[in-house]
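A.B. asks: After the structure tokens below, expect a handful of questions from me.
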Amino acid sequence: MDIFSHTFSGLAIGATAIHFTNKGFRYNSILVLTCGIAAFFPDLDVISQWSGFDDSFGKWFDLKDSGKIIYHQKRWYSHHALFHSLLMACSFTGLVFIFFKLFSRKEKFLKVFMSNKVFLIAVFGAYLT
């Protein structure tokens, strides 16, 4: 799958999840958009295939190998490594939960989780696609 089909899969998961919520248009729009971003995020490292990667990021980070070599090797920061792991799926979903908690200052963690569990499950599923 390429980056576009991952993104559309995440959007589809978000569109399916809005049928299990009744929180209004704004909430549902954010849900679909976040699921699209969650599905897109693991393939963000595809920028190392970009023709200008070595002249920009390669120089900034003083990379010894070209982006195409890094993309295909088995390093922790290569494609299908860290960003394609269950750890990052949990971390990404945790960051989304932290944003929910920040915007609902006075509510307790469990109440924030329970009121947004469909959202968080959808984001986790979208990341795993």
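Scheme for the structure tokens: letters A, B, ... for chains in order shown; per-chain residue numbers from 1; ligand numbers from 1 in order shown.
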Just the residues within 9 Å of Ala126 (chain A), please, counting only C-alpha atoms, with nothing from its chain fewer than 5 positions along; format it as JSON, numbers by chain.

C.D. replies: {"A": [6, 7, 9, 10, 11, 12, 13, 14, 34, 35, 36, 37, 38, 39, 40, 121]}

A.B. asks: Pick the closest to Val112 (chain A) from A:Phe41, A:Phe25, A:Phe124, A:Phe97: which is it, counting only C-alpha atoms?

C.D. replies: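 The closest residue to Val112 (chain A) is A:Phe97.
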
A.B. asks: Figure out the distance between CA of Ser5 (chain A) and CA of Val46 (chain A), please, to one decimal in Å.

C.D. replies: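 About the pair CA of Val46 (chain A) and CA of Ser5 (chain A): they are 13.7 Å apart.
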
A.B. asks: If you measure from CA of Lys111 (chain A) to CA of Val123 (chain A), what distance in Å do you get, rounded to one decimal?

C.D. replies: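 Interatomic distance here is 18.2 Å.
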
A.B. asks: Which residues are near Lys101 (chain A)? Cut-off 12 Å, only C-alpha atoms, ignore same chain within fewer than 3 positions. Put them as a PyMOL selection string.

C.D. replies: chain A and resi 94-98+104-116

A.B. asks: Counting only C-alpha atoms, which of A:Ala15, A:Phe8, A:Thr93, A:Ile3 gets nearest to Leu31 (chain A)?

C.D. replies: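 The answer is A:Ala15, which sits nearest to Leu31 (chain A).
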
A.B. asks: So how many Å separate CA of Phe4 (chain A) and CA of His19 (chain A), to one decimal?

C.D. replies: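 Distance reported for this atom pair: 23.6 Å.
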
A.B. asks: For Leu86 (chain A), work out the shell of residues within 10 Å, counting only C-alpha atoms and skipping chain neighbours fewer than 3 positions away, then give it as a count of residues only.

C.D. replies: 9

A.B. asks: Could you list, as an NGL selection string, every residue within 10 Å of Tyr27 (chain A), counting only C-alpha atoms and ignoring same-chain residues fewer than 6 positions away?

C.D. replies: :A and (18 or 21 or 33 or 119)

A.B. asks: Can I get the selected residues back with C-alpha atoms, as a PDB file, in the first residue's frame?

C.D. replies:
ATOM      1  CA  ILE A  18     -18.721   8.388  13.525  1.00  0.00           C
ATOM      2  CA  THR A  21     -20.796   8.634  18.295  1.00  0.00           C
ATOM      3  CA  LEU A  33      -9.330  13.889  10.106  1.00  0.00           C
ATOM      4  CA  PHE A 119     -12.463   8.067  19.044  1.00  0.00           C
TER       5      PHE A 119
END
